[in-house]
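J.: Structure below; questions to follow.
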Amino acid sequence: MKPIEDRYRKKKRKIMSPADVEAVSARTGGRPPRSATGPRAGGPPGARTDWGEVGEWYDALVGDQGSEYHREVVLPGVMRLLAPGPADVAVDVACGQGVLCRLLHAKGVRVTGVDAAGSLIQAAIARGNPAIEYRVADARHLRVLPAEHFTLASCVLAIQNIDPIAPVFEGVARLLVGGGRFVLVMMHPAFRVPQQAHWEWDPGTRTQFRRVDRYMIAAKTAIRVHPGSNPAQQIWAFHRPLQTYINALGAAGLLVDRMEEWTSHKKSEPGPRAEAEDRARKEIPLFLALRAVKPRAQGV
Ligand SMILES: C[S@@+](CC[C@H](N)C(=O)[O-])C[C@H]1O[C@@H](n2cnc3c(N)ncnc32)[C@H](O)[C@@H]1O
């Protein structure tokens with residue numbers, strides 16, 4: 001199956017120019033203006049973006065052990081970057097149906113998973129161990145969890161489905177103890193820009209290359225998960241340049257100590273373009289992983 005950001009279909013798209021992005025950032029410290037996000041009174045800022053309506057499909061796709069990309073690339077990388085041990089207490093933000101929570105629990109970690117989709121939290125509970133705590137909660141409103149309680153935090157393949165991101169990172173910083181680690185994994189924003197980047201073939205040099213038409217934009221794109229059978233079911237993808245993530249982490253007091261770019265494990269079927277396709281897959285990363293640390297208070 002193609003990664004979700006690659007299966008976008010043309011629909012609604014809202015793009016801000018680089019100048020707009022800079023102006024918004026200057027005014028709001030990285031948050032979109034309130035008028036643009038439509039905050040709900042007393043709730044998280046921004047519109048609803050949870051995957052509750054597509055929960056059944058996503059749970060079946062991920063299964064007990066994860067989708068193929070989870071199993072081959074993402075989960076091994078996340079576990080290596082988190083480096084969990086039995087003394088750790090972890091929170092997985094936007095945990096979906098709990099695939100990472102189950103893996104952390106198997107390593108002896110005390111785990112809490114939160115997601116805004118009730119149907120996915122139900123699926124997580126049904127698949128999980130009762131020792132894993134699950135909560136329906138919005139990633140932009142993590143005050144429901146205790147401060148300075150967790151040694152590890154993660155947000156896997158979800159930050160590009162959430163807007164704004166500043167409250168997510170501020171919330172994670174509040175949850176972590178000093179020295180706690182946060183691992184963030186996303187589709188690589190430099191090469192996977194919904195509706196603005198795709199593979200192309202250069203017959204002259206027999207090269208498969210990634211064409212990127214736009215990058216320095218903030219864009220919101222509707223993605224249909226079943227374009228044929230149920231075009232009404234859609235989720236949202238938010239594109240932001242890499243600097244937005246690094247700067248929002250820094251503004252929340254989370255300092256990046258590691259960045260990794262993960263390529264696809266897949267191989268093309270034998271054919272005239274197979275070698276070029278395999279080389280392109282190895283050259284152009286599919287995922288970006290960032291690890292950030294909450295500094296310890298001075299003198300502690
Ligand atoms: C691609 S899924 C990833 C789920 C899980 N991390 C995984 O790797 O399977 C994106 C998840 O983000 C969740 N999500 C979207 N917006 C959210 C929000 N504002 N607060 C919490 N979760 C949110 C969705 O409900 C969905 O479970």
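Following the order of the structure tokens, first chain is A, next is B, and so on, with residues numbered from 1 inside each chain and ligands from 1 in the order they appear.
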Compile the contact shell of Met186 of chain A as JSON, numbers by chain: residues with an atom at most 8 Å away, counting only C-alpha atoms, same-chain residues fewer than 6 positions apart removed.

T.: {"A": [156, 157, 158, 159, 160, 287, 288, 289]}

J.: Mind checking DSSP for segment 148-203 of chain A and telling me the strand (DSSP E) residues as number ranges by chain?

T.: A: 150-156, 176-187, 197-202

J.: Just to confirm, what's the straight-line distance from atom CA of Asp92 of chain A to atom CA of Ala153 of chain A in Å (one decimal)?

T.: 5.7 Å

J.: Within 10 Å of Thr49 of chain A, counting only C-alpha atoms, which residues show up once you throw out same-chain ones fewer than 6 positions away? Write them as an MDAnalysis selection string, please.

T.: chainID A and resid 116:117 138 161:163 234:237

J.: Please, could you write that set of residues out with N, CA and C atoms as a CSV table (one decimal), in the first residue's frame?

T.:
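For reference, again39.csv as written:
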chain,number,residue,atom,x,y,z
A,116,ALA,N,-7.4,11.3,19.7
A,116,ALA,CA,-8.7,12.0,19.7
A,116,ALA,C,-9.8,11.2,19.1
A,117,ALA,N,-9.5,10.1,18.5
A,117,ALA,CA,-10.5,9.2,17.8
A,117,ALA,C,-11.0,8.2,18.8
A,138,ASP,N,-7.3,15.1,23.0
A,138,ASP,CA,-6.7,15.8,21.9
A,138,ASP,C,-5.3,16.1,22.1
A,161,ASN,N,-1.2,15.4,10.6
A,161,ASN,CA,-2.7,15.3,10.6
A,161,ASN,C,-3.2,16.3,11.6
A,162,ILE,N,-2.4,17.1,12.2
A,162,ILE,CA,-2.8,17.9,13.4
A,162,ILE,C,-2.4,19.3,13.1
A,163,ASP,N,-3.3,20.3,13.5
A,163,ASP,CA,-3.0,21.7,13.4
A,163,ASP,C,-3.8,22.5,14.4
A,234,GLN,N,-12.8,11.2,4.4
A,234,GLN,CA,-11.5,11.9,4.2
A,234,GLN,C,-10.8,12.3,5.5
A,235,ILE,N,-9.5,12.4,5.4
A,235,ILE,CA,-8.8,12.9,6.6
A,235,ILE,C,-8.0,14.2,6.1
A,236,TRP,N,-7.4,14.9,7.0
A,236,TRP,CA,-6.6,16.1,6.6
A,236,TRP,C,-5.1,15.9,6.7
A,237,ALA,N,-4.4,16.4,5.8
A,237,ALA,CA,-2.9,16.5,5.9
A,237,ALA,C,-2.5,17.9,5.9

J.: Kindly assemble as JSON lines a list of the chain A residues that lie within 9 Å of ligand 1, each paired with its nearest atom pair and their distance in Å to one decimal, using only C-alpha atoms and all ligand atoms, sorted first by chain and then by ascending residue number.

T.:
{"residue": "A:Ile4", "atom": "CA", "partner": "ligand 1", "partner_atom_place_in_ligand_line": "1 (C)", "distance": 7.8}
{"residue": "A:Pro44", "atom": "CA", "partner": "ligand 1", "partner_atom_place_in_ligand_line": "19 (N)", "distance": 7.8}
{"residue": "A:Pro45", "atom": "CA", "partner": "ligand 1", "partner_atom_place_in_ligand_line": "19 (N)", "distance": 8.9}
{"residue": "A:Gly46", "atom": "CA", "partner": "ligand 1", "partner_atom_place_in_ligand_line": "19 (N)", "distance": 8.2}
{"residue": "A:Ala47", "atom": "CA", "partner": "ligand 1", "partner_atom_place_in_ligand_line": "19 (N)", "distance": 8.0}
{"residue": "A:Arg48", "atom": "CA", "partner": "ligand 1", "partner_atom_place_in_ligand_line": "19 (N)", "distance": 6.2}
{"residue": "A:Thr49", "atom": "CA", "partner": "ligand 1", "partner_atom_place_in_ligand_line": "16 (N)", "distance": 4.2}
{"residue": "A:Asp50", "atom": "CA", "partner": "ligand 1", "partner_atom_place_in_ligand_line": "25 (O)", "distance": 3.7}
{"residue": "A:Trp51", "atom": "CA", "partner": "ligand 1", "partner_atom_place_in_ligand_line": "25 (O)", "distance": 3.8}
{"residue": "A:Gly52", "atom": "CA", "partner": "ligand 1", "partner_atom_place_in_ligand_line": "25 (O)", "distance": 5.9}
{"residue": "A:Glu53", "atom": "CA", "partner": "ligand 1", "partner_atom_place_in_ligand_line": "25 (O)", "distance": 8.9}
{"residue": "A:Val54", "atom": "CA", "partner": "ligand 1", "partner_atom_place_in_ligand_line": "25 (O)", "distance": 8.6}
{"residue": "A:Gly55", "atom": "CA", "partner": "ligand 1", "partner_atom_place_in_ligand_line": "27 (O)", "distance": 7.6}
{"residue": "A:Tyr58", "atom": "CA", "partner": "ligand 1", "partner_atom_place_in_ligand_line": "2 (S)", "distance": 7.6}
{"residue": "A:Asp59", "atom": "CA", "partner": "ligand 1", "partner_atom_place_in_ligand_line": "9 (O)", "distance": 8.2}
{"residue": "A:Val62", "atom": "CA", "partner": "ligand 1", "partner_atom_place_in_ligand_line": "9 (O)", "distance": 6.5}
{"residue": "A:Gly66", "atom": "CA", "partner": "ligand 1", "partner_atom_place_in_ligand_line": "9 (O)", "distance": 7.0}
{"residue": "A:Ser67", "atom": "CA", "partner": "ligand 1", "partner_atom_place_in_ligand_line": "9 (O)", "distance": 8.1}
{"residue": "A:His70", "atom": "CA", "partner": "ligand 1", "partner_atom_place_in_ligand_line": "8 (O)", "distance": 7.1}
{"residue": "A:Val74", "atom": "CA", "partner": "ligand 1", "partner_atom_place_in_ligand_line": "8 (O)", "distance": 8.3}
{"residue": "A:Leu75", "atom": "CA", "partner": "ligand 1", "partner_atom_place_in_ligand_line": "8 (O)", "distance": 8.4}
{"residue": "A:Asp92", "atom": "CA", "partner": "ligand 1", "partner_atom_place_in_ligand_line": "6 (N)", "distance": 7.5}
{"residue": "A:Val93", "atom": "CA", "partner": "ligand 1", "partner_atom_place_in_ligand_line": "21 (C)", "distance": 6.7}
{"residue": "A:Ala94", "atom": "CA", "partner": "ligand 1", "partner_atom_place_in_ligand_line": "22 (N)", "distance": 3.9}
{"residue": "A:Cys95", "atom": "CA", "partner": "ligand 1", "partner_atom_place_in_ligand_line": "6 (N)", "distance": 4.1}
{"residue": "A:Gly96", "atom": "CA", "partner": "ligand 1", "partner_atom_place_in_ligand_line": "27 (O)", "distance": 3.4}
{"residue": "A:Gln97", "atom": "CA", "partner": "ligand 1", "partner_atom_place_in_ligand_line": "9 (O)", "distance": 6.3}
{"residue": "A:Gly98", "atom": "CA", "partner": "ligand 1", "partner_atom_place_in_ligand_line": "5 (C)", "distance": 6.7}
{"residue": "A:Val99", "atom": "CA", "partner": "ligand 1", "partner_atom_place_in_ligand_line": "9 (O)", "distance": 6.0}
{"residue": "A:Leu100", "atom": "CA", "partner": "ligand 1", "partner_atom_place_in_ligand_line": "8 (O)", "distance": 6.9}
{"residue": "A:Val114", "atom": "CA", "partner": "ligand 1", "partner_atom_place_in_ligand_line": "21 (C)", "distance": 6.7}
{"residue": "A:Asp115", "atom": "CA", "partner": "ligand 1", "partner_atom_place_in_ligand_line": "22 (N)", "distance": 4.1}
{"residue": "A:Ala116", "atom": "CA", "partner": "ligand 1", "partner_atom_place_in_ligand_line": "21 (C)", "distance": 4.0}
{"residue": "A:Ala117", "atom": "CA", "partner": "ligand 1", "partner_atom_place_in_ligand_line": "25 (O)", "distance": 4.5}
{"residue": "A:Gly118", "atom": "CA", "partner": "ligand 1", "partner_atom_place_in_ligand_line": "25 (O)", "distance": 8.1}
{"residue": "A:Ser119", "atom": "CA", "partner": "ligand 1", "partner_atom_place_in_ligand_line": "25 (O)", "distance": 8.7}
{"residue": "A:Leu120", "atom": "CA", "partner": "ligand 1", "partner_atom_place_in_ligand_line": "27 (O)", "distance": 6.4}
{"residue": "A:Ile121", "atom": "CA", "partner": "ligand 1", "partner_atom_place_in_ligand_line": "27 (O)", "distance": 8.4}
{"residue": "A:Val136", "atom": "CA", "partner": "ligand 1", "partner_atom_place_in_ligand_line": "21 (C)", "distance": 8.0}
{"residue": "A:Ala137", "atom": "CA", "partner": "ligand 1", "partner_atom_place_in_ligand_line": "21 (C)", "distance": 6.1}
{"residue": "A:Asp138", "atom": "CA", "partner": "ligand 1", "partner_atom_place_in_ligand_line": "20 (N)", "distance": 3.6}
{"residue": "A:Ala139", "atom": "CA", "partner": "ligand 1", "partner_atom_place_in_ligand_line": "20 (N)", "distance": 3.8}
{"residue": "A:Arg140", "atom": "CA", "partner": "ligand 1", "partner_atom_place_in_ligand_line": "19 (N)", "distance": 5.8}
{"residue": "A:His141", "atom": "CA", "partner": "ligand 1", "partner_atom_place_in_ligand_line": "20 (N)", "distance": 7.9}
{"residue": "A:Ser154", "atom": "CA", "partner": "ligand 1", "partner_atom_place_in_ligand_line": "6 (N)", "distance": 8.4}
{"residue": "A:Cys155", "atom": "CA", "partner": "ligand 1", "partner_atom_place_in_ligand_line": "6 (N)", "distance": 6.1}
{"residue": "A:Val156", "atom": "CA", "partner": "ligand 1", "partner_atom_place_in_ligand_line": "6 (N)", "distance": 4.3}
{"residue": "A:Leu157", "atom": "CA", "partner": "ligand 1", "partner_atom_place_in_ligand_line": "3 (C)", "distance": 4.9}
{"residue": "A:Ala158", "atom": "CA", "partner": "ligand 1", "partner_atom_place_in_ligand_line": "10 (C)", "distance": 4.0}
{"residue": "A:Ile159", "atom": "CA", "partner": "ligand 1", "partner_atom_place_in_ligand_line": "12 (O)", "distance": 7.1}
{"residue": "A:Gln160", "atom": "CA", "partner": "ligand 1", "partner_atom_place_in_ligand_line": "10 (C)", "distance": 8.2}
{"residue": "A:Asn161", "atom": "CA", "partner": "ligand 1", "partner_atom_place_in_ligand_line": "15 (C)", "distance": 5.2}
{"residue": "A:Ile162", "atom": "CA", "partner": "ligand 1", "partner_atom_place_in_ligand_line": "16 (N)", "distance": 4.7}
{"residue": "A:Asp163", "atom": "CA", "partner": "ligand 1", "partner_atom_place_in_ligand_line": "19 (N)", "distance": 7.1}
{"residue": "A:Pro164", "atom": "CA", "partner": "ligand 1", "partner_atom_place_in_ligand_line": "19 (N)", "distance": 8.6}
{"residue": "A:Val168", "atom": "CA", "partner": "ligand 1", "partner_atom_place_in_ligand_line": "20 (N)", "distance": 8.5}
{"residue": "A:Val185", "atom": "CA", "partner": "ligand 1", "partner_atom_place_in_ligand_line": "8 (O)", "distance": 8.9}
{"residue": "A:Ile235", "atom": "CA", "partner": "ligand 1", "partner_atom_place_in_ligand_line": "15 (C)", "distance": 8.5}
{"residue": "A:Trp236", "atom": "CA", "partner": "ligand 1", "partner_atom_place_in_ligand_line": "15 (C)", "distance": 8.3}

J.: Determine which residues of segment 11-223 of chain A receive a DSSP assignment of alpha helix (DSSP H), computed from the backbone, and state them as a PyMOL selection string.

T.: chain A and resi 18-28+34-37+55-62+68-69+75-82+99-106+118-127+166-175

J.: Rounded to one decimal place, report the atom CA of Ala126 of chain A-atom CA of Leu176 of chain A distance in Å.

T.: 27.5 Å

J.: Show me, as a PDB file with N, CA and C atoms, in the first residue's frame, the residues that have an atom within 10 Å of Arg291 of chain A when counting only C-alpha atoms, minus same-chain residues fewer than 5 positions from it.

T.:
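To be explicit, this is the file written out as result26.pdb:
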ATOM      1  N   VAL A  78      11.781   3.976  15.654  1.00  0.00           N
ATOM      2  CA  VAL A  78      11.265   4.664  16.855  1.00  0.00           C
ATOM      3  C   VAL A  78      11.823   4.000  18.112  1.00  0.00           C
ATOM      4  N   LEU A  81      15.414   4.996  18.648  1.00  0.00           N
ATOM      5  CA  LEU A  81      15.587   6.385  19.100  1.00  0.00           C
ATOM      6  C   LEU A  81      15.074   6.595  20.527  1.00  0.00           C
ATOM      7  N   LEU A  82      13.996   5.895  20.872  1.00  0.00           N
ATOM      8  CA  LEU A  82      13.478   6.037  22.249  1.00  0.00           C
ATOM      9  C   LEU A  82      14.377   5.306  23.247  1.00  0.00           C
ATOM     10  N   ALA A 153       8.286  10.274  25.282  1.00  0.00           N
ATOM     11  CA  ALA A 153       7.062  10.646  24.559  1.00  0.00           C
ATOM     12  C   ALA A 153       7.292  10.389  23.082  1.00  0.00           C
ATOM     13  N   SER A 154       6.203  10.118  22.383  1.00  0.00           N
ATOM     14  CA  SER A 154       6.316   9.875  20.940  1.00  0.00           C
ATOM     15  C   SER A 154       5.079  10.408  20.243  1.00  0.00           C
ATOM     16  N   ARG A 181      12.853  12.208  26.668  1.00  0.00           N
ATOM     17  CA  ARG A 181      13.057  12.233  25.214  1.00  0.00           C
ATOM     18  C   ARG A 181      11.715  12.168  24.486  1.00  0.00           C
ATOM     19  N   PHE A 182      11.645  12.918  23.377  1.00  0.00           N
ATOM     20  CA  PHE A 182      10.435  12.939  22.540  1.00  0.00           C
ATOM     21  C   PHE A 182      10.827  12.550  21.120  1.00  0.00           C
ATOM     22  N   VAL A 183      10.212  11.506  20.579  1.00  0.00           N
ATOM     23  CA  VAL A 183      10.499  11.082  19.211  1.00  0.00           C
ATOM     24  C   VAL A 183       9.283  11.390  18.325  1.00  0.00           C
ATOM     25  N   LEU A 184       9.573  12.111  17.258  1.00  0.00           N
ATOM     26  CA  LEU A 184       8.541  12.577  16.333  1.00  0.00           C
ATOM     27  C   LEU A 184       8.859  12.006  14.948  1.00  0.00           C
ATOM     28  N   VAL A 185       7.909  11.292  14.356  1.00  0.00           N
ATOM     29  CA  VAL A 185       8.135  10.719  13.021  1.00  0.00           C
ATOM     30  C   VAL A 185       7.046  11.219  12.085  1.00  0.00           C
ATOM     31  N   LEU A 254      11.954  22.085  23.641  1.00  0.00           N
ATOM     32  CA  LEU A 254      12.405  20.725  23.318  1.00  0.00           C
ATOM     33  C   LEU A 254      13.536  20.846  22.295  1.00  0.00           C
ATOM     34  N   LEU A 255      14.712  20.376  22.662  1.00  0.00           N
ATOM     35  CA  LEU A 255      15.889  20.606  21.832  1.00  0.00           C
ATOM     36  C   LEU A 255      16.237  19.365  21.030  1.00  0.00           C
ATOM     37  N   VAL A 256      16.290  19.522  19.726  1.00  0.00           N
ATOM     38  CA  VAL A 256      16.545  18.375  18.833  1.00  0.00           C
ATOM     39  C   VAL A 256      17.982  17.892  19.026  1.00  0.00           C
ATOM     40  N   ASP A 257      18.140  16.608  19.355  1.00  0.00           N
ATOM     41  CA  ASP A 257      19.504  16.061  19.479  1.00  0.00           C
ATOM     42  C   ASP A 257      19.782  15.005  18.427  1.00  0.00           C
ATOM     43  N   ARG A 258      18.777  14.671  17.605  1.00  0.00           N
ATOM     44  CA  ARG A 258      19.026  13.676  16.560  1.00  0.00           C
ATOM     45  C   ARG A 258      17.972  13.833  15.471  1.00  0.00           C
ATOM     46  N   MET A 259      18.443  13.739  14.230  1.00  0.00           N
ATOM     47  CA  MET A 259      17.518  13.755  13.086  1.00  0.00           C
ATOM     48  C   MET A 259      17.923  12.611  12.174  1.00  0.00           C
ATOM     49  N   GLU A 260      16.932  11.816  11.743  1.00  0.00           N
ATOM     50  CA  GLU A 260      17.231  10.714  10.833  1.00  0.00           C
ATOM     51  C   GLU A 260      16.253  10.761   9.664  1.00  0.00           C
TER      52      GLU A 260
END

J.: Just checking: using only C-alpha atoms, which residue out of A:Trp201, A:Trp57, A:Phe169, A:Phe150 ends up closest to Ala248 of chain A?

T.: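 Going through A:Trp201, A:Trp57, A:Phe169, A:Phe150 one by one, the smallest distance to Ala248 of chain A is for A:Phe169.
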
J.: Hey, which of A:Gly204, A:Pro227, A:Pro189, A:Pro86 ends up closest to Leu242 of chain A? Count only C-alpha atoms.

T.: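 That would be A:Pro189, the residue with the smallest distance to Leu242 of chain A.
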